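S.K.: Structure file coords-v1.cif (mmCIF, C-alpha atoms) right here:
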```cif
data_structure
#
loop_
_atom_site.label_atom_id
_atom_site.label_comp_id
_atom_site.auth_asym_id
_atom_site.auth_seq_id
_atom_site.Cartn_x
_atom_site.Cartn_y
_atom_site.Cartn_z
CA MET A 21 88.55 118.07 137.89
CA GLN A 22 85.27 116.19 137.98
CA GLN A 23 84.52 113.72 135.22
CA LYS A 24 82.18 115.16 132.62
CA SER A 25 78.88 113.57 131.72
CA PRO A 26 78.68 112.04 128.21
CA SER A 27 76.42 114.86 126.99
CA ALA A 28 78.97 117.46 128.03
CA THR A 29 81.80 115.82 126.11
CA ILE A 30 80.27 116.43 122.68
CA GLN A 31 81.78 119.93 122.55
CA ASP A 32 85.14 118.95 124.03
CA MET A 33 87.03 118.08 120.85
CA ARG A 34 86.16 119.29 117.41
CA ASN A 35 87.62 119.26 113.97
CA VAL A 36 88.52 122.60 112.39
CA TYR A 37 88.71 121.93 108.66
CA ILE A 38 90.37 124.60 106.56
CA LYS A 39 89.64 124.13 102.88
CA SER A 40 91.39 125.83 100.00
CA LEU A 41 92.13 125.23 96.36
CA THR A 42 95.04 126.71 94.46
CA LEU A 43 95.34 126.24 90.73
CA VAL A 44 98.60 127.61 89.39
CA ALA A 45 99.19 127.95 85.68
CA ALA A 46 102.96 127.52 85.48
CA ALA A 47 103.22 126.92 81.77
CA GLY A 48 106.46 126.55 79.87
CA VAL A 49 105.81 127.10 76.17
CA SER A 50 108.27 125.91 73.54
CA ALA A 51 107.95 126.20 69.76
CA LEU A 52 108.57 122.98 67.82
CA PHE A 53 108.12 123.95 64.20
CA SER A 54 108.17 126.91 61.89
CA ALA A 55 105.48 127.01 59.25
CA ASP A 56 104.43 129.38 56.51
CA ALA A 57 101.36 131.28 57.70
CA ALA A 58 100.13 131.24 54.12
CA GLN A 59 99.76 127.47 54.40
CA ALA A 60 97.21 127.68 57.18
CA ALA A 61 95.24 124.48 57.48
CA SER A 62 93.60 122.41 60.16
CA CYS A 63 95.82 121.32 63.05
CA LYS A 64 97.49 117.95 62.48
CA ALA A 65 98.52 115.25 64.94
CA ILE A 66 102.18 115.31 66.00
CA PRO A 67 103.80 111.84 65.74
CA GLY A 68 106.13 110.88 68.56
CA GLU A 69 104.93 113.55 71.00
CA GLN A 70 103.77 112.40 74.44
CA TYR A 71 101.22 113.71 76.93
CA ASP A 72 102.73 113.17 80.38
CA ILE A 73 100.40 113.12 83.42
CA ARG A 74 101.72 113.12 86.97
CA VAL A 75 99.59 113.17 90.10
CA GLU A 76 101.61 113.58 93.27
CA SER A 77 100.65 113.81 96.92
CA GLU A 78 102.37 115.51 99.83
CA ILE A 79 101.38 114.14 103.23
CA PRO A 80 103.57 115.48 106.05
CA LYS A 81 103.53 114.16 109.60
CA ALA A 82 101.17 115.95 111.99
CA ARG A 83 102.67 118.52 114.36
CA ILE A 84 101.59 118.39 118.01
CA ASP A 85 101.02 121.70 119.81
CA HIS A 86 100.82 121.42 123.60
CA SER A 87 101.43 125.10 124.34
CA LYS A 88 97.85 126.42 124.53
CA ASP A 89 95.34 126.17 127.35
CA ARG A 90 91.65 125.38 126.95
CA ALA A 91 90.72 129.06 126.74
CA ALA A 92 93.11 129.59 123.81
CA LEU A 93 91.80 126.49 122.04
CA GLY A 94 88.30 127.87 122.51
CA ILE A 95 89.31 131.05 120.68
CA ILE A 96 90.82 129.03 117.81
CA SER A 97 87.73 126.84 117.50
CA GLY A 98 85.20 129.62 118.07
CA ASP A 99 83.78 127.91 121.18
CA LEU A 100 84.31 130.13 124.22
CA SER A 101 82.59 127.79 126.69
CA GLY A 102 85.95 126.58 128.00
CA SER A 103 85.11 122.96 127.18
CA ILE A 104 87.60 122.45 124.33
CA GLN A 105 90.25 119.93 125.35
CA GLY A 106 91.77 119.28 121.95
CA LEU A 107 91.30 119.91 118.24
CA HIS A 108 93.14 119.72 114.97
CA GLN A 109 93.62 121.96 111.95
CA HIS A 110 94.59 121.08 108.43
CA GLY A 111 94.11 122.12 104.84
CA VAL A 112 94.13 120.42 101.46
CA THR A 113 95.42 122.24 98.38
CA LEU A 114 95.69 121.37 94.71
CA THR A 115 98.52 122.82 92.64
CA LEU A 116 98.23 122.38 88.89
CA GLU A 117 101.15 122.95 86.53
CA GLN A 118 100.77 122.68 82.77
CA GLN A 119 103.24 122.74 79.91
CA ILE A 120 102.07 123.25 76.35
CA LYS A 121 103.82 122.99 73.00
CA TYR A 122 102.76 124.53 69.71
CA TYR A 123 103.62 125.34 66.13
CA PRO A 124 102.50 128.32 64.02
CA GLN A 125 99.38 127.78 61.96
CA GLY A 126 97.95 130.53 59.77
CA GLU A 127 97.34 133.62 61.89
CA GLY A 128 97.62 131.64 65.12
CA ILE A 129 99.06 128.42 66.52
CA CYS A 130 98.22 124.74 66.91
CA PHE A 131 98.91 123.64 70.49
CA TRP A 132 98.67 120.62 72.77
CA LEU A 133 99.35 119.71 76.36
CA ASN A 134 102.78 118.17 76.73
CA ARG A 135 102.82 117.73 80.50
CA VAL A 136 100.47 118.18 83.47
CA VAL A 137 101.49 117.85 87.11
CA LEU A 138 98.78 117.88 89.78
CA THR A 139 99.93 117.94 93.39
CA VAL A 140 97.45 117.12 96.15
CA ALA A 141 99.01 118.56 99.29
CA TYR A 142 97.93 117.96 102.85
CA GLU A 143 99.15 121.11 104.55
CA THR A 144 101.02 120.30 107.74
CA PRO A 145 98.26 119.28 110.17
CA VAL A 146 98.37 120.55 113.73
CA ILE A 147 96.96 118.57 116.65
CA TYR A 148 96.27 120.69 119.72
CA VAL A 149 96.07 119.17 123.19
CA ALA A 150 95.20 121.54 126.04
CA LYS A 151 98.26 122.21 128.18
CA GLU A 152 96.24 121.56 131.34
CA TYR A 153 96.93 117.88 130.64
CA SER A 154 100.46 116.62 131.23
CA GLU A 155 102.10 114.67 128.42
CA ARG A 156 102.31 111.72 130.81
CA SER A 157 98.62 111.83 131.66
CA CYS A 158 95.91 109.47 130.48
CA ASN A 159 93.91 112.51 129.34
CA TYR A 160 96.69 113.72 127.04
CA ARG A 161 97.00 110.31 125.37
CA ALA A 162 93.23 109.92 124.97
CA ILE A 163 92.82 113.35 123.35
CA LEU A 164 95.83 112.83 121.10
CA GLN A 165 94.53 109.46 119.90
CA HIS A 166 91.14 110.96 119.10
CA GLU A 167 92.54 113.88 117.11
CA ALA A 168 94.92 111.54 115.28
CA LYS A 169 91.84 109.81 113.81
CA HIS A 170 90.98 113.05 112.00
CA VAL A 171 94.46 113.20 110.52
CA GLN A 172 94.19 109.59 109.35
CA VAL A 173 90.87 110.32 107.63
CA ALA A 174 92.41 113.15 105.60
CA GLN A 175 95.51 111.14 104.70
CA THR A 176 93.42 108.17 103.53
CA HIS A 177 91.18 110.34 101.35
CA ILE A 178 94.10 112.03 99.63
CA ARG A 179 95.63 108.66 98.75
CA GLN A 180 92.30 107.27 97.54
CA TYR A 181 91.58 110.22 95.24
CA ARG A 182 94.93 110.26 93.45
CA ASP A 183 93.74 107.72 90.86
CA ARG A 184 90.52 109.68 90.29
CA PHE A 185 92.46 112.85 89.55
CA HIS A 186 94.75 110.94 87.18
CA LYS A 187 91.80 109.44 85.31
CA SER A 188 90.18 112.86 84.88
CA LEU A 189 93.38 114.30 83.41
CA SER A 190 93.33 111.52 80.80
CA SER A 191 90.21 113.04 79.24
CA LEU A 192 89.99 112.85 75.46
CA ASN A 193 88.56 116.38 75.46
CA LEU A 194 91.92 117.93 76.30
CA PRO A 195 94.26 119.23 73.55
CA ARG A 196 96.76 116.40 73.13
CA PRO A 197 99.48 115.56 70.58
CA THR A 198 97.03 113.32 68.70
CA GLU A 199 94.48 116.16 68.50
CA PRO A 200 96.08 119.61 68.68
CA ARG A 201 93.83 122.63 69.03
CA TYR A 202 93.90 126.03 67.37
CA ALA A 203 94.39 129.29 69.32
CA LYS A 204 95.23 132.83 68.32
CA ASP A 205 98.42 132.87 70.42
CA ALA A 206 100.26 131.14 73.29
CA ASP A 207 98.45 133.12 76.01
CA ALA A 208 95.07 132.11 74.62
CA ALA A 209 96.25 128.50 74.42
CA LYS A 210 97.35 128.50 78.07
CA ALA A 211 94.06 130.03 79.22
CA ASP A 212 92.03 127.55 77.15
CA SER A 213 93.82 124.46 78.45
CA LEU A 214 93.83 125.71 82.06
CA ASN A 215 90.07 126.30 81.98
CA GLN A 216 89.55 122.76 80.71
CA LEU A 217 91.83 121.29 83.35
CA ARG A 218 90.04 123.27 86.05
CA ALA A 219 86.67 121.96 84.83
CA LEU A 220 87.95 118.38 85.14
CA VAL A 221 89.63 118.76 88.53
CA MET A 222 87.14 120.88 90.48
CA PRO A 223 84.26 118.35 90.63
CA ILE A 224 86.62 115.67 91.95
CA PHE A 225 88.04 118.04 94.55
CA LYS A 226 84.48 118.83 95.65
CA ARG A 227 83.68 115.12 96.02
CA LEU A 228 86.89 114.60 98.00
CA GLU A 229 85.94 117.48 100.28
CA GLU A 230 82.37 116.23 100.81
CA SER A 231 83.46 112.65 101.49
CA MET A 232 86.19 113.78 103.87
CA THR A 233 83.80 116.03 105.79
CA THR A 234 81.23 113.24 106.15
CA THR A 235 83.84 110.82 107.46
CA GLN A 236 85.30 113.43 109.81
CA GLN A 237 81.86 113.99 111.31
CA LYS A 238 81.61 110.28 112.12
CA VAL A 239 84.80 110.61 114.17
CA ASP A 240 82.99 113.24 116.26
CA LEU A 241 79.82 111.29 117.00
CA PRO A 242 78.74 111.21 120.68
CA ARG A 243 79.82 107.59 121.04
CA GLU A 244 83.36 108.60 120.04
CA TYR A 245 83.47 111.22 122.80
CA ARG A 246 82.07 108.77 125.33
CA GLU A 247 84.85 106.37 124.41
CA VAL A 248 87.44 109.10 125.00
CA GLN A 249 85.94 109.85 128.41
CA ARG A 250 85.90 106.17 129.41
CA ARG A 251 89.63 105.84 128.87
CA CYS A 252 90.52 107.97 131.88
CA ALA A 253 89.20 108.01 135.44
CA LYS A 254 89.37 111.79 135.92
CA TRP A 255 88.83 114.79 133.67
#
```
Output the file's structure as structure tokens, nothing else.
M.R.:
Amino acid sequence: MQQKSPSATIQDMRNVYIKSLTLVAAAGVSALFSADAAQAASCKAIPGEQYDIRVESEIPKARIDHSKDRAALGIISGDLSGSIQGLHQHGVTLTLEQQIKYYPQGEGICFWLNRVVLTVAYETPVIYVAKEYSERSCNYRAILQHEAKHVQVAQTHIRQYRDRFHKSLSSLNLPRPTEPRYAKDADAAKADSLNQLRALVMPIFKRLEESMTTTQQKVDLPREYREVQRRCAKW
């Protein structure tokens, strides 16, 4: 195979970024007190109760797929020119679990968030290297090293944004033990708190996505492709 010119290498390897967001309301609701509905009054702080925040990340090791030829990689990437030598796929998801507690108050309940767990998961990334290149070849190693940069970008962003998610979930606007909130029933309480959590988390997820995309694009600048081409004598 003849060596490609630098301008031709721009389409050789590209990042396929799959984005998704899952917010799951998995709420366990437990009653703490019984109260006479006739004594309805404003919701009072609950001494000794805690609001537990956990932000976790799941970052699995990338899987390498060497079973597909360049034509198949072109179908996956949407580029049917036959120039795709390697690419990678991954997705980032957020799973939000909330637990609320409450006590009866008048015709409804006073409730607060007892526990929130936010998991930022990097779905198992897949690095594809066209099977035309032997695992022992210089080409295989060069493509693999390039695609691994994309994986590193995603992993770094997920780690960096954990603290930002945690800070957002510490918002004073959320129903907490120190400031319970009134709702007509447990279902309304769960919906109310989930909507507030979503409003706090979504803007940060969007910033993570935008920053990650910008950094991924830098990995695919023409100079990066020229560097890949320079590593091996023949393509």
S.K.: What is the atom CA of Leu116 of chain A to atom CA of Trp132 of chain A distance in Å?
M.R.: 16.2 Å
S.K.: With 5 Å of padding per side, what axis-aligned box (centre and edge lengths, Å, one decimal) covers all the listed atoms of segment 228-241 of chain A? Give it as lines of an AutoDock Vina configuration file.
M.R.:
```
center_x = 83.4
center_y = 113.9
center_z = 107.5
size_x = 17.1
size_y = 17.2
size_z = 29.0
```
S.K.: What is the atom CA of Tyr181 of chain A-atom CA of Arg227 of chain A distance in Å, reported with one decimal?
M.R.: 9.3 Å
S.K.: Rank A:Ala141, A:Leu100, A:Ala92, A:Leu189 by their smallest atom-to-atom distance to Leu217 of chain A, using all atoms listed in the file, and report the top residue only.
M.R.: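 Going through A:Ala141, A:Leu100, A:Ala92, A:Leu189 one by one, the smallest distance to Leu217 of chain A is for A:Leu189.
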S.K.: How far is it from atom CA of Gln125 of chain A to atom CA of Gly68 of chain A, in Å with one decimal?
M.R.: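 For atom CA of Gln125 of chain A relative to atom CA of Gly68 of chain A, the distance reads 19.4 Å.
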S.K.: Smallest atom-to-atom distance to Val173 of chain A: which of A:Pro145, A:Pro67, A:Gly94, A:Pro195, using all atoms listed in the file?
M.R.: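 Closest candidate: A:Pro145.
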S.K.: Would you please work out which residue, of A:Lys238, A:Arg243, A:Lys151, A:Arg161, is nearest to Ile104 of chain A when using all atoms listed in the file?
M.R.: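 Nearest candidate to Ile104 of chain A out of A:Lys238, A:Arg243, A:Lys151, A:Arg161: A:Lys151.
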S.K.: Dig up all the protein and nucleic acid residues within 9 Å of (108.9, 119.4, 113.0) in the file frame, using all atoms listed in the file, and format them as a PyMOL selection string.
M.R.: chain A and resi 81-84
S.K.: Could you write out as an NGL selection string the residues that the PyMOL selection byres ((chain A and resi 210) around 9) matches in the shown file?
M.R.: :A and (45 or 47 or 49 or 118-120 or 205-209 or 211-215)
S.K.: For segment 203-227 of chain A, supply N, CA, C and O atoms and report the output as an mmCIF file, in the frame of the given file.
M.R.:
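Output contents, as saved in result.cif:
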```
data_model
loop_
_atom_site.group_PDB
_atom_site.id
_atom_site.type_symbol
_atom_site.label_atom_id
_atom_site.label_comp_id
_atom_site.auth_asym_id
_atom_site.auth_seq_id
_atom_site.Cartn_x
_atom_site.Cartn_y
_atom_site.Cartn_z
ATOM 1 N N ALA A 203 94.558 128.101 68.482
ATOM 2 C CA ALA A 203 94.390 129.290 69.320
ATOM 3 C C ALA A 203 95.067 130.458 68.621
ATOM 4 O O ALA A 203 95.959 130.272 67.787
ATOM 5 N N LYS A 204 94.670 131.662 68.989
ATOM 6 C CA LYS A 204 95.230 132.830 68.320
ATOM 7 C C LYS A 204 96.670 133.104 68.725
ATOM 8 O O LYS A 204 97.444 133.690 67.963
ATOM 9 N N ASP A 205 97.043 132.696 69.973
ATOM 10 C CA ASP A 205 98.420 132.870 70.420
ATOM 11 C C ASP A 205 98.661 131.974 71.641
ATOM 12 O O ASP A 205 97.749 131.278 72.113
ATOM 13 N N ALA A 206 99.895 132.011 72.173
ATOM 14 C CA ALA A 206 100.260 131.140 73.290
ATOM 15 C C ALA A 206 99.467 131.467 74.551
ATOM 16 O O ALA A 206 99.079 130.563 75.301
ATOM 17 N N ASP A 207 99.215 132.755 74.814
ATOM 18 C CA ASP A 207 98.450 133.120 76.010
ATOM 19 C C ASP A 207 97.034 132.567 75.948
ATOM 20 O O ASP A 207 96.501 132.072 76.948
ATOM 21 N N ALA A 208 96.418 132.652 74.775
ATOM 22 C CA ALA A 208 95.070 132.110 74.620
ATOM 23 C C ALA A 208 95.080 130.597 74.779
ATOM 24 O O ALA A 208 94.158 130.011 75.360
ATOM 25 N N ALA A 209 96.138 129.953 74.291
ATOM 26 C CA ALA A 209 96.250 128.500 74.420
ATOM 27 C C ALA A 209 96.365 128.096 75.886
ATOM 28 O O ALA A 209 95.715 127.144 76.339
ATOM 29 N N LYS A 210 97.185 128.813 76.649
ATOM 30 C CA LYS A 210 97.350 128.500 78.070
ATOM 31 C C LYS A 210 96.041 128.677 78.829
ATOM 32 O O LYS A 210 95.674 127.846 79.665
ATOM 33 N N ALA A 211 95.324 129.768 78.532
ATOM 34 C CA ALA A 211 94.060 130.030 79.220
ATOM 35 C C ALA A 211 93.026 128.958 78.875
ATOM 36 O O ALA A 211 92.284 128.481 79.743
ATOM 37 N N ASP A 212 92.986 128.560 77.597
ATOM 38 C CA ASP A 212 92.030 127.550 77.150
ATOM 39 C C ASP A 212 92.275 126.222 77.858
ATOM 40 O O ASP A 212 91.355 125.611 78.415
ATOM 41 N N SER A 213 93.519 125.757 77.850
ATOM 42 C CA SER A 213 93.820 124.460 78.450
ATOM 43 C C SER A 213 93.639 124.494 79.969
ATOM 44 O O SER A 213 93.155 123.529 80.573
ATOM 45 N N LEU A 214 93.990 125.614 80.610
ATOM 46 C CA LEU A 214 93.830 125.710 82.060
ATOM 47 C C LEU A 214 92.360 125.661 82.454
ATOM 48 O O LEU A 214 91.986 125.004 83.434
ATOM 49 N N ASN A 215 91.506 126.335 81.692
ATOM 50 C CA ASN A 215 90.070 126.300 81.980
ATOM 51 C C ASN A 215 89.522 124.881 81.861
ATOM 52 O O ASN A 215 88.678 124.453 82.662
ATOM 53 N N GLN A 216 90.001 124.145 80.866
ATOM 54 C CA GLN A 216 89.550 122.760 80.710
ATOM 55 C C GLN A 216 90.045 121.879 81.845
ATOM 56 O O GLN A 216 89.311 121.030 82.352
ATOM 57 N N LEU A 217 91.291 122.073 82.242
ATOM 58 C CA LEU A 217 91.830 121.290 83.350
ATOM 59 C C LEU A 217 91.082 121.593 84.644
ATOM 60 O O LEU A 217 90.767 120.693 85.427
ATOM 61 N N ARG A 218 90.787 122.868 84.852
ATOM 62 C CA ARG A 218 90.040 123.270 86.050
ATOM 63 C C ARG A 218 88.660 122.595 86.071
ATOM 64 O O ARG A 218 88.199 122.108 87.107
ATOM 65 N N ALA A 219 87.999 122.558 84.914
ATOM 66 C CA ALA A 219 86.670 121.960 84.830
ATOM 67 C C ALA A 219 86.705 120.462 85.147
ATOM 68 O O ALA A 219 85.737 119.906 85.674
ATOM 69 N N LEU A 220 87.813 119.805 84.854
ATOM 70 C CA LEU A 220 87.950 118.380 85.140
ATOM 71 C C LEU A 220 88.285 118.117 86.603
ATOM 72 O O LEU A 220 87.818 117.148 87.204
ATOM 73 N N VAL A 221 89.103 118.987 87.182
ATOM 74 C CA VAL A 221 89.630 118.760 88.530
ATOM 75 C C VAL A 221 88.656 119.198 89.630
ATOM 76 O O VAL A 221 88.516 118.522 90.656
ATOM 77 N N MET A 222 87.979 120.318 89.423
ATOM 78 C CA MET A 222 87.140 120.880 90.480
ATOM 79 C C MET A 222 86.047 119.943 90.989
ATOM 80 O O MET A 222 85.844 119.825 92.201
ATOM 81 N N PRO A 223 85.299 119.252 90.117
ATOM 82 C CA PRO A 223 84.260 118.350 90.630
ATOM 83 C C PRO A 223 84.825 117.231 91.499
ATOM 84 O O PRO A 223 84.192 116.820 92.478
ATOM 85 N N ILE A 224 86.013 116.739 91.161
ATOM 86 C CA ILE A 224 86.620 115.670 91.950
ATOM 87 C C ILE A 224 87.074 116.216 93.303
ATOM 88 O O ILE A 224 86.918 115.566 94.339
ATOM 89 N N PHE A 225 87.638 117.424 93.289
ATOM 90 C CA PHE A 225 88.040 118.040 94.550
ATOM 91 C C PHE A 225 86.825 118.241 95.459
ATOM 92 O O PHE A 225 86.895 118.022 96.672
ATOM 93 N N LYS A 226 85.701 118.634 94.869
ATOM 94 C CA LYS A 226 84.480 118.830 95.650
ATOM 95 C C LYS A 226 84.018 117.517 96.268
ATOM 96 O O LYS A 226 83.618 117.467 97.440
ATOM 97 N N ARG A 227 84.079 116.425 95.485
ATOM 98 C CA ARG A 227 83.680 115.120 96.020
ATOM 99 C C ARG A 227 84.627 114.672 97.130
ATOM 100 O O ARG A 227 84.195 114.088 98.131
#
```
